[in-house]
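This is final_19.tsv (TSV, C-alpha atoms and all ligand atoms).
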```
chain	number	residue	atom	x	y	z
A	1	MET	CA	-1.51	117.93	-208.00
A	2	LYS	CA	-3.02	119.34	-204.75
A	3	LYS	CA	-2.80	117.35	-201.53
A	4	VAL	CA	-5.56	117.46	-198.92
A	5	LEU	CA	-5.57	115.81	-195.50
A	6	LEU	CA	-8.88	114.97	-193.83
A	7	ILE	CA	-8.59	114.31	-190.10
A	8	GLN	CA	-11.63	113.01	-188.29
A	9	PHE	CA	-12.97	111.15	-185.29
A	10	SER	CA	-16.54	109.90	-185.07
A	11	GLN	CA	-18.23	107.42	-182.76
A	12	SER	CA	-21.63	106.79	-184.33
A	13	GLY	CA	-20.32	107.29	-187.86
A	14	GLN	CA	-22.39	110.44	-188.45
A	15	LEU	CA	-19.37	112.74	-188.66
A	16	THR	CA	-17.58	110.27	-190.95
A	17	ARG	CA	-20.55	110.37	-193.33
A	18	ILE	CA	-20.62	114.17	-193.25
A	19	ALA	CA	-16.85	114.45	-193.78
A	20	LYS	CA	-16.92	111.96	-196.67
A	21	LYS	CA	-19.78	113.81	-198.35
A	22	PHE	CA	-17.90	117.10	-197.86
A	23	VAL	CA	-14.75	115.80	-199.60
A	24	GLN	CA	-16.45	113.68	-202.31
A	25	PRO	CA	-15.81	116.33	-205.03
A	26	LEU	CA	-12.12	116.26	-204.06
A	27	VAL	CA	-12.07	112.46	-204.26
A	28	ASP	CA	-13.59	112.76	-207.75
A	29	ASP	CA	-11.10	115.45	-208.79
A	30	PRO	CA	-8.15	113.83	-210.67
A	31	ASN	CA	-5.96	116.79	-209.68
A	32	VAL	CA	-6.42	116.23	-205.95
A	33	GLU	CA	-4.92	113.57	-203.72
A	34	LEU	CA	-6.93	113.07	-200.54
A	35	VAL	CA	-5.39	111.47	-197.46
A	36	PHE	CA	-7.85	110.21	-194.84
A	37	GLU	CA	-6.68	110.12	-191.20
A	38	ASN	CA	-9.13	108.34	-188.91
A	39	LEU	CA	-8.03	109.18	-185.37
A	40	GLU	CA	-8.14	106.49	-182.72
A	41	PRO	CA	-7.46	106.90	-179.02
A	42	ALA	CA	-5.23	104.16	-177.51
A	43	VAL	CA	-8.21	103.10	-175.38
A	44	ALA	CA	-11.48	103.41	-177.28
A	45	TYR	CA	-14.27	105.50	-175.78
A	46	PRO	CA	-17.51	103.51	-175.42
A	47	PHE	CA	-20.51	104.08	-177.67
A	48	PRO	CA	-23.20	104.12	-176.41
A	49	TRP	CA	-21.82	105.77	-173.30
A	50	PRO	CA	-22.46	104.43	-169.78
A	51	PHE	CA	-24.04	107.30	-167.81
A	52	VAL	CA	-21.21	107.85	-165.29
A	53	GLN	CA	-18.43	107.50	-167.87
A	54	PHE	CA	-20.17	110.08	-170.07
A	55	PHE	CA	-20.00	112.66	-167.27
A	56	ASP	CA	-16.56	111.47	-166.14
A	57	THR	CA	-15.21	112.64	-169.50
A	58	PHE	CA	-16.12	116.28	-168.96
A	59	PRO	CA	-13.26	117.56	-166.74
A	60	GLU	CA	-10.57	116.30	-169.13
A	61	SER	CA	-12.58	117.51	-172.14
A	62	VAL	CA	-12.97	121.02	-170.74
A	63	TYR	CA	-9.32	121.29	-169.70
A	64	LEU	CA	-8.15	119.84	-173.05
A	65	ASP	CA	-6.27	116.97	-171.36
A	66	PRO	CA	-5.53	114.75	-174.37
A	67	PRO	CA	-6.16	110.98	-174.28
A	68	LYS	CA	-3.28	108.68	-175.25
A	69	MET	CA	-3.55	108.19	-178.99
A	70	ALA	CA	-2.93	105.17	-181.26
A	71	PRO	CA	-0.14	105.89	-183.79
A	72	PHE	CA	-1.11	108.25	-186.63
A	73	THR	CA	-0.82	107.30	-190.30
A	74	VAL	CA	0.27	110.79	-191.33
A	75	ARG	CA	4.00	111.48	-190.90
A	76	LYS	CA	5.72	114.59	-189.54
A	77	ASN	CA	7.31	115.50	-192.87
A	78	ASP	CA	4.03	115.17	-194.88
A	79	LYS	CA	2.89	118.51	-196.29
A	80	PHE	CA	-0.57	119.44	-197.58
A	81	ASP	CA	-2.17	122.29	-199.52
A	82	LEU	CA	-5.18	122.10	-197.21
A	83	VAL	CA	-6.10	120.22	-194.03
A	84	ILE	CA	-9.73	119.57	-193.06
A	85	VAL	CA	-10.25	118.95	-189.33
A	86	ALA	CA	-13.67	117.33	-188.80
A	87	TYR	CA	-14.67	117.20	-185.17
A	88	GLN	CA	-17.54	116.68	-182.79
A	89	VAL	CA	-17.95	118.76	-179.63
A	90	TRP	CA	-17.62	117.25	-176.15
A	91	PHE	CA	-18.65	119.50	-173.28
A	92	LEU	CA	-18.12	122.74	-175.23
A	93	SER	CA	-14.66	121.56	-176.29
A	94	PRO	CA	-13.24	119.72	-179.29
A	95	ALA	CA	-13.60	115.94	-178.67
A	96	GLY	CA	-10.65	114.33	-176.85
A	97	PRO	CA	-9.09	112.45	-179.79
A	98	ILE	CA	-8.98	115.63	-181.90
A	99	VAL	CA	-7.21	117.41	-179.03
A	100	GLY	CA	-4.89	114.37	-178.76
A	101	PHE	CA	-3.92	114.87	-182.39
A	102	LEU	CA	-3.67	118.66	-182.36
A	103	GLN	CA	-1.40	118.65	-179.30
A	104	SER	CA	0.96	116.08	-180.86
A	105	ASP	CA	4.33	116.85	-182.42
A	106	THR	CA	2.98	115.32	-185.64
A	107	ALA	CA	0.19	117.90	-185.85
A	108	LYS	CA	2.61	120.72	-185.01
A	109	ALA	CA	4.82	119.67	-187.93
A	110	VAL	CA	2.09	118.82	-190.45
A	111	LEU	CA	-0.18	121.82	-189.80
A	112	ASN	CA	2.53	124.43	-189.52
A	113	ASP	CA	2.02	127.18	-192.11
A	114	THR	CA	-0.89	125.27	-193.64
A	115	PRO	CA	-4.47	126.43	-194.34
A	116	VAL	CA	-7.08	124.56	-192.29
A	117	VAL	CA	-10.84	124.20	-192.64
A	118	THR	CA	-12.78	123.00	-189.61
A	119	LEU	CA	-15.96	120.95	-190.01
A	120	ILE	CA	-18.15	120.56	-186.92
A	121	ALA	CA	-21.14	118.27	-186.39
A	122	CYS	CA	-22.66	118.50	-182.92
A	123	ARG	CA	-25.89	119.02	-180.97
A	124	ASN	CA	-25.88	122.80	-181.29
A	125	MET	CA	-23.32	124.29	-178.91
A	126	TRP	CA	-20.01	124.76	-180.71
A	127	LEU	CA	-18.97	128.38	-180.19
A	128	VAL	CA	-16.64	127.94	-177.20
A	129	ALA	CA	-15.26	124.72	-178.72
A	130	GLN	CA	-14.36	126.60	-181.90
A	131	GLU	CA	-12.59	129.32	-179.88
A	132	LYS	CA	-10.52	126.54	-178.26
A	133	MET	CA	-9.94	125.04	-181.71
A	134	LYS	CA	-8.58	128.38	-182.93
A	135	THR	CA	-6.00	128.36	-180.10
A	136	LEU	CA	-5.04	124.73	-180.79
A	137	LEU	CA	-4.58	125.51	-184.49
A	138	SER	CA	-2.61	128.66	-183.85
A	139	ASP	CA	-0.34	126.67	-181.46
A	140	CYS	CA	0.40	124.45	-184.49
A	141	GLY	CA	1.14	127.50	-186.66
A	142	ALA	CA	-1.88	126.67	-188.85
A	143	LYS	CA	-4.10	129.24	-190.57
A	144	LEU	CA	-7.86	128.82	-190.16
A	145	VAL	CA	-9.44	129.66	-193.53
A	146	GLY	CA	-12.90	128.15	-193.15
A	147	ASN	CA	-15.44	126.74	-190.73
A	148	VAL	CA	-18.59	124.75	-191.42
A	149	ALA	CA	-20.91	123.84	-188.54
A	150	LEU	CA	-23.81	121.41	-188.83
A	151	ILE	CA	-26.14	121.02	-185.87
A	152	ASP	CA	-28.83	118.53	-184.85
A	153	GLU	CA	-32.16	119.11	-186.53
A	154	ALA	CA	-34.24	118.69	-183.34
A	155	GLY	CA	-33.52	122.30	-182.33
A	156	GLY	CA	-32.08	123.81	-179.16
A	157	ALA	CA	-34.60	122.73	-176.52
A	158	LEU	CA	-35.56	119.26	-177.79
A	159	SER	CA	-31.98	118.27	-178.65
A	160	PHE	CA	-31.20	118.58	-174.91
A	161	PHE	CA	-33.13	115.31	-174.72
A	162	SER	CA	-32.61	113.73	-178.15
A	163	THR	CA	-28.79	113.98	-178.35
A	164	PRO	CA	-28.00	112.67	-174.83
A	165	SER	CA	-30.54	109.89	-175.30
A	166	TRP	CA	-28.75	108.99	-178.59
A	167	VAL	CA	-25.23	108.89	-177.13
A	168	LEU	CA	-26.38	107.12	-173.93
A	169	THR	CA	-28.48	104.44	-175.68
A	170	GLY	CA	-27.04	104.29	-179.21
A	171	ASN	CA	-30.58	104.71	-180.55
A	172	LYS	CA	-30.87	107.75	-182.79
A	173	GLY	CA	-34.59	107.45	-183.55
A	174	ALA	CA	-37.55	109.32	-182.06
A	175	LYS	CA	-38.64	108.14	-178.62
A	176	LEU	CA	-41.72	108.28	-176.36
A	177	GLY	CA	-44.04	108.29	-179.36
A	178	GLY	CA	-42.26	111.25	-180.96
A	179	LEU	CA	-42.13	113.38	-177.78
A	180	ILE	CA	-38.33	113.18	-178.06
A	181	PRO	CA	-37.51	113.72	-181.76
A	182	ALA	CA	-34.85	111.85	-183.74
A	183	ALA	CA	-31.29	112.96	-183.01
A	184	GLY	CA	-28.56	114.01	-185.38
A	185	VAL	CA	-28.03	116.31	-188.35
A	186	ALA	CA	-30.84	116.45	-190.93
A	187	GLU	CA	-30.35	114.20	-193.96
A	188	HIS	CA	-30.75	117.09	-196.43
A	189	GLU	CA	-27.97	119.03	-194.63
A	190	ILE	CA	-25.63	116.06	-194.92
A	191	GLU	CA	-26.49	115.58	-198.59
A	192	ALA	CA	-25.85	119.28	-199.33
A	193	CYS	CA	-22.40	119.52	-197.76
A	194	ASP	CA	-20.57	118.41	-200.91
A	195	ARG	CA	-21.00	122.05	-202.02
A	196	PHE	CA	-17.97	122.88	-199.86
A	197	GLY	CA	-15.80	120.23	-201.51
A	198	ASP	CA	-17.00	121.49	-204.89
A	199	ARG	CA	-15.90	125.01	-204.02
A	200	ILE	CA	-12.47	123.83	-202.82
A	201	SER	CA	-11.96	121.83	-206.00
A	202	GLN	CA	-12.96	124.89	-208.06
A	203	VAL	CA	-10.52	127.18	-206.19
A	204	PHE	CA	-7.71	124.61	-206.56
A	205	SER	CA	-8.32	124.52	-210.32
A	206	THR	CA	-7.61	128.26	-210.59
A	207	ASN	CA	-4.50	128.02	-208.37
A	208	ALA	CA	-5.89	130.94	-206.35
A	209	VAL	CA	-4.51	131.63	-202.89
A	210	ILE	CA	-6.42	129.73	-200.19
A	211	ASP	CA	-7.71	132.35	-197.74
A	212	GLU	CA	-10.75	133.19	-195.60
A	213	THR	CA	-12.95	133.72	-198.69
A	214	LEU	CA	-12.71	129.99	-199.48
A	215	LEU	CA	-16.14	128.93	-198.16
A	216	GLN	CA	-17.90	132.29	-197.98
A	217	GLY	CA	-21.38	132.72	-199.45
A	218	LEU	CA	-22.27	129.04	-199.01
A	219	GLY	CA	-24.21	129.19	-195.72
A	220	ALA	CA	-21.35	127.54	-193.84
A	221	VAL	CA	-22.46	128.43	-190.33
A	222	ASN	CA	-25.35	130.07	-188.57
A	223	VAL	CA	-24.79	131.33	-185.04
A	224	ASN	CA	-27.86	131.37	-182.84
A	225	GLU	CA	-27.15	134.50	-180.80
A	226	ARG	CA	-29.39	133.25	-177.99
A	227	TYR	CA	-26.75	130.68	-177.04
A	228	ILE	CA	-23.69	132.94	-176.92
A	229	ALA	CA	-24.05	133.91	-173.25
A	230	SER	CA	-25.42	130.48	-172.22
A	231	GLU	CA	-22.34	128.75	-173.61
A	232	HIS	CA	-20.01	131.08	-171.73
A	233	THR	CA	-21.93	130.65	-168.47
A	234	ALA	CA	-22.03	126.86	-168.87
A	235	HIS	CA	-18.32	126.80	-169.64
A	236	ARG	CA	-17.51	128.75	-166.47
A	237	GLY	CA	-19.49	126.13	-164.49
A	238	PHE	CA	-17.68	123.30	-166.30
A	239	LYS	CA	-14.32	124.82	-165.34
A	240	ILE	CA	-15.22	125.04	-161.63
A	241	TRP	CA	-16.64	121.50	-161.37
A	242	GLY	CA	-13.91	120.16	-163.64
A	243	LYS	CA	-11.17	121.60	-161.43
A	244	LEU	CA	-12.78	120.00	-158.37
A	245	LEU	CA	-13.08	116.60	-160.08
A	246	ARG	CA	-9.51	116.66	-161.41
A	247	SER	CA	-8.26	117.40	-157.89
A	248	VAL	CA	-10.07	114.30	-156.55
A	249	GLY	CA	-8.45	111.85	-158.97
A	250	PRO	CA	-7.84	110.97	-162.62
A	251	SER	CA	-10.59	110.03	-165.08
A	252	GLY	CA	-12.11	106.66	-164.07
A	253	ASP	CA	-11.18	107.02	-160.37
A	254	PRO	CA	-14.16	105.71	-158.30
A	255	LYS	CA	-13.62	108.61	-155.83
A	256	ARG	CA	-14.99	110.94	-158.51
A	257	LYS	CA	-18.32	109.10	-158.71
A	258	PRO	CA	-20.26	110.85	-155.87
A	259	ILE	CA	-19.20	114.30	-157.11
A	260	LEU	CA	-20.09	113.29	-160.67
A	261	LEU	CA	-23.59	112.26	-159.61
A	262	LEU	CA	-23.99	115.55	-157.74
A	263	TYR	CA	-22.72	117.40	-160.79
A	264	ALA	CA	-25.07	115.51	-163.15
A	265	THR	CA	-28.02	116.50	-160.95
A	266	PHE	CA	-26.79	120.11	-160.90
A	267	LEU	CA	-26.37	120.10	-164.68
A	268	ILE	CA	-29.85	118.73	-165.36
A	269	LEU	CA	-31.38	121.32	-162.99
A	270	PHE	CA	-29.24	124.04	-164.60
A	271	ILE	CA	-30.39	123.06	-168.09
A	272	CYS	CA	-34.04	122.95	-167.07
A	273	THR	CA	-33.97	126.25	-165.15
A	274	PHE	CA	-31.11	128.62	-165.93
A	275	ILE	CA	-30.95	128.11	-169.71
A	276	PRO	CA	-34.67	128.76	-170.41
A	277	LEU	CA	-34.64	131.65	-167.91
A	278	SER	CA	-31.57	133.23	-169.46
A	279	VAL	CA	-33.01	132.82	-172.97
A	280	LEU	CA	-36.21	134.52	-171.76
A	281	LEU	CA	-34.29	137.30	-170.02
A	282	LYS	CA	-32.18	137.85	-173.11
A	283	ALA	CA	-35.31	138.10	-175.27
A	284	LEU	CA	-36.61	140.79	-172.89
A	285	ILE	CA	-33.43	142.89	-172.95
A	286	ALA	CA	-32.76	142.17	-176.65
A	287	PRO	CA	-33.70	145.68	-177.87
A	288	PHE	CA	-30.94	147.16	-175.67
A	289	THR	CA	-28.20	144.63	-176.46
A	290	LYS	CA	-29.01	144.14	-180.15
A	291	ALA	CA	-25.96	145.90	-181.61
A	292	ARG	CA	-23.45	144.17	-179.30
A	293	VAL	CA	-24.99	140.70	-179.82
A	294	LEU	CA	-25.00	141.21	-183.59
A	295	ARG	CA	-21.28	142.06	-183.45
A	296	GLN	CA	-20.62	138.91	-181.42
A	297	LYS	CA	-22.68	136.81	-183.86
A	298	GLN	CA	-20.69	138.11	-186.82
A	299	GLN	CA	-17.44	137.48	-185.00
A	300	PHE	CA	-18.35	133.86	-184.16
A	301	GLU	CA	-19.44	133.29	-187.75
A	302	GLN	CA	-15.97	134.14	-189.06
A	303	PRO	CA	-14.26	133.19	-191.29
A	304	SER	CA	-16.88	131.55	-193.55
A	305	GLY	CA	-20.02	133.39	-192.45
A	306	SER	CA	-23.72	132.63	-192.78
A	307	SER	CA	-24.39	134.39	-196.08
A	308	THR	CA	-25.70	132.30	-198.94
A	309	GLU	CA	-25.18	134.53	-202.00
A	310	ASN	CA	-23.01	131.95	-203.78
A	311	LEU	CA	-25.48	129.09	-203.39
A	312	VAL	CA	-26.94	127.87	-206.67
B	1	LIG	C1	-19.26	113.16	-174.22
B	1	LIG	C2	-20.08	113.97	-175.16
B	1	LIG	C3	-20.25	115.34	-174.93
B	1	LIG	C4	-20.95	116.13	-175.85
B	1	LIG	N1	-21.03	117.48	-175.64
B	1	LIG	C5	-21.61	118.27	-176.59
B	1	LIG	C6	-21.59	119.70	-176.46
B	1	LIG	O1	-21.04	120.28	-175.51
B	1	LIG	N2	-22.17	120.45	-177.44
B	1	LIG	C7	-22.80	119.88	-178.50
B	1	LIG	O2	-23.33	120.60	-179.32
B	1	LIG	N3	-22.80	118.51	-178.68
B	1	LIG	C8	-22.22	117.71	-177.75
B	1	LIG	N4	-22.20	116.33	-177.92
B	1	LIG	C9	-22.76	115.75	-179.17
B	1	LIG	C10	-21.61	115.47	-180.16
B	1	LIG	O3	-20.95	116.67	-180.53
B	1	LIG	C11	-22.03	114.71	-181.43
B	1	LIG	O4	-23.09	115.36	-182.03
B	1	LIG	C12	-22.45	113.28	-181.14
B	1	LIG	O5	-21.62	112.71	-180.16
B	1	LIG	C13	-22.38	112.42	-182.39
B	1	LIG	O6	-21.07	112.43	-182.95
B	1	LIG	P1	-20.56	111.29	-183.97
B	1	LIG	O7	-21.75	110.72	-184.61
B	1	LIG	O8	-19.70	111.95	-184.97
B	1	LIG	O9	-19.85	110.26	-183.20
B	1	LIG	C14	-21.54	115.52	-176.99
B	1	LIG	C15	-21.40	114.14	-177.20
B	1	LIG	C16	-20.67	113.38	-176.31
B	1	LIG	C17	-20.52	111.90	-176.58
```
Starting from the coordinates I provided, produce the structure as structure tokens.
Ligand SMILES: Cc1cc2nc3c(=O)[nH]c(=O)nc-3n(C[C@H](O)[C@H](O)[C@H](O)COP(=O)(O)O)c2cc1C
Amino acid sequence: MKKVLLIQFSQSGQLTRIAKKFVQPLVDDPNVELVFENLEPAVAYPFPWPFVQFFDTFPESVYLDPPKMAPFTVRKNDKFDLVIVAYQVWFLSPAGPIVGFLQSDTAKAVLNDTPVVTLIACRNMWLVAQEKMKTLLSDCGAKLVGNVALIDEAGGALSFFSTPSWVLTGNKGAKLGGLIPAAGVAEHEIEACDRFGDRISQVFSTNAVIDETLLQGLGAVNVNERYIASEHTAHRGFKIWGKLLRSVGPSGDPKRKPILLLYATFLILFICTFIPLSVLLKALIAPFTKARVLRQKQQFEQPSGSSTENLV
């Protein structure tokens, strides 16, 4: 009997749906026992988010300051053949409750020497978050063997409007007569992600070693190389503003509010000016940077890759 732990935190329920679809073949497999750990912070985050609180979360998210967590169901001496960490991205970082779990003594005991697959569902910027995830996992002594990333179907530019409007209003649908498209991951992508659970079940049945080949050839991720530099630039900005805000007071401190409003204005201007300009500039210099960017793309796509040769 193989034992699998699925750890997840979702606010709207989208990630829960994706994670459940992903593991359904393991639930159906009589030779697999699946343990479901639904993470809960001690104080729930709101959904939909009030505008100021949404931005007030960014300094702690970026600096990986964990929220206080409600007790976990999983115990320190529980061991698993595979752990699936399903997470959403907050400000280019794994969402607070996932960090709260991964920095706990429980995670350090449970994940030690254990293969881990990460499953991301976010707007479309997950590269820096996954680098942080790799460090968190390695601090637990875990071995990352797979990564699947699903992004919002609206696309890079339009999801700048659709995703924030979803998390700030709770309404996922199209708005302004379709000018802002519906938010979230496409239905067909969610439906198709049981292929990963199928593959895991298949590999378990052969008793093969679980390594980085686990989810290869299934179109697990697709890195849009145009966002590599933008994510790094945005993250540098987050660190500077985040440091300033953390020095003013803790999350929720009213003294942070004026700086937050200034920051929100800066961020909106940054998104509307710098990001399109840098994408344009990168398109212009693309012929000269092609080889380096391709190398970076391949590196960020590790370990599962974007190839689809094993899809039926
Ligand atoms: C506070 C906050 C910050 C977010 N930051 C990012 C981000 O940096 N990159 C990204 O791609 N998505 C970001 N998102 C979108 C989420 O990753 C996710 O798609 C959305 O919150 C829905 O998750 P859920 O349905 O599982 O709760 C953010 C969402 C929230 C609430």
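If you measure from each of A:Val99, A:Ile228, A:Leu92, A:Ala186 to Val293 in chain A using all atoms listed in the file, the closest one turns out to be A:Ile228.
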Hey, which bits of chain A sit within 6 Å of ligand LIG 1 (chain B), and for each residue what's the closest pair of atoms and how far apart in Å (one decimal), counting only C-alpha atoms and all ligand atoms, rows by chain and increasing number, as a Markdown table?
```
| residue | atom | partner | partner_atom | distance |
| --- | --- | --- | --- | --- |
| A:Ser10 | CA | B:LIG1 | O8 | 3.8 |
| A:Gln11 | CA | B:LIG1 | O9 | 3.3 |
| A:Ser12 | CA | B:LIG1 | O7 | 3.9 |
| A:Gly13 | CA | B:LIG1 | O7 | 4.9 |
| A:Gln14 | CA | B:LIG1 | O7 | 3.9 |
| A:Leu15 | CA | B:LIG1 | O8 | 3.8 |
| A:Phe54 | CA | B:LIG1 | C1 | 5.2 |
| A:Gln88 | CA | B:LIG1 | O3 | 4.1 |
| A:Val89 | CA | B:LIG1 | O3 | 3.8 |
| A:Trp90 | CA | B:LIG1 | N1 | 3.5 |
| A:Phe91 | CA | B:LIG1 | O1 | 3.4 |
| A:Leu92 | CA | B:LIG1 | O1 | 3.8 |
| A:Ala121 | CA | B:LIG1 | O4 | 5.6 |
| A:Cys122 | CA | B:LIG1 | O4 | 3.3 |
| A:Arg123 | CA | B:LIG1 | O2 | 3.4 |
| A:Asn124 | CA | B:LIG1 | O2 | 3.9 |
| A:Met125 | CA | B:LIG1 | O2 | 3.7 |
| A:Trp126 | CA | B:LIG1 | O2 | 5.5 |
| A:Val167 | CA | B:LIG1 | C17 | 5.6 |
```
Write a file of the just-selected residues containing C-alpha atoms, as an mmCIF file, keeping the file's coordinate frame.
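Result written to part24.cif:
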```
data_model
loop_
_atom_site.group_PDB
_atom_site.id
_atom_site.type_symbol
_atom_site.label_atom_id
_atom_site.label_comp_id
_atom_site.auth_asym_id
_atom_site.auth_seq_id
_atom_site.Cartn_x
_atom_site.Cartn_y
_atom_site.Cartn_z
ATOM 1 C CA SER A 10 -16.540 109.900 -185.070
ATOM 2 C CA GLN A 11 -18.230 107.420 -182.760
ATOM 3 C CA SER A 12 -21.630 106.790 -184.330
ATOM 4 C CA GLY A 13 -20.320 107.290 -187.860
ATOM 5 C CA GLN A 14 -22.390 110.440 -188.450
ATOM 6 C CA LEU A 15 -19.370 112.740 -188.660
ATOM 7 C CA PHE A 54 -20.170 110.080 -170.070
ATOM 8 C CA GLN A 88 -17.540 116.680 -182.790
ATOM 9 C CA VAL A 89 -17.950 118.760 -179.630
ATOM 10 C CA TRP A 90 -17.620 117.250 -176.150
ATOM 11 C CA PHE A 91 -18.650 119.500 -173.280
ATOM 12 C CA LEU A 92 -18.120 122.740 -175.230
ATOM 13 C CA ALA A 121 -21.140 118.270 -186.390
ATOM 14 C CA CYS A 122 -22.660 118.500 -182.920
ATOM 15 C CA ARG A 123 -25.890 119.020 -180.970
ATOM 16 C CA ASN A 124 -25.880 122.800 -181.290
ATOM 17 C CA MET A 125 -23.320 124.290 -178.910
ATOM 18 C CA TRP A 126 -20.010 124.760 -180.710
ATOM 19 C CA VAL A 167 -25.230 108.890 -177.130
#
```
Problem - Distance criterion (all atoms listed in the file): nearest to Val117 in chain A out of A:Asp211, A:Asp198, A:Glu189, A:Asp152 - result: A:Asp211
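Here CA of Ile7 in chain A and CA of His188 in chain A stand 23.2 Å from one another.
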Range 70-86 of chain A: axis-aligned bounding box, 4 Å on each side, centre and edge lengths in Å, one decimal, as lines of an AutoDock Vina configuration file:
```
center_x = -3.2
center_y = 113.7
center_z = -190.4
size_x = 29.0
size_y = 25.1
size_z = 26.3
```
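Using only C-alpha atoms, the nearest neighbour of Leu244 in chain A within the list A:Phe58, A:Ser138, A:Thr73, A:Pro115 is A:Phe58.
CA of Glu231 in chain A is found 6.8 Å from CA of Val128 in chain A.
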Problem - Two-atom distance - CA of Gly100 in chain A, CA of Pro67 in chain A (Å) - result: 5.8 Å
Handout entry: Close residues, Gln296 in chain A itself excluded, 12 Å, all atoms listed in the file, min 3 positions apart in chain, as a PyMOL selection string
Key = chain A and resi 127+223-229+289-293+299-302
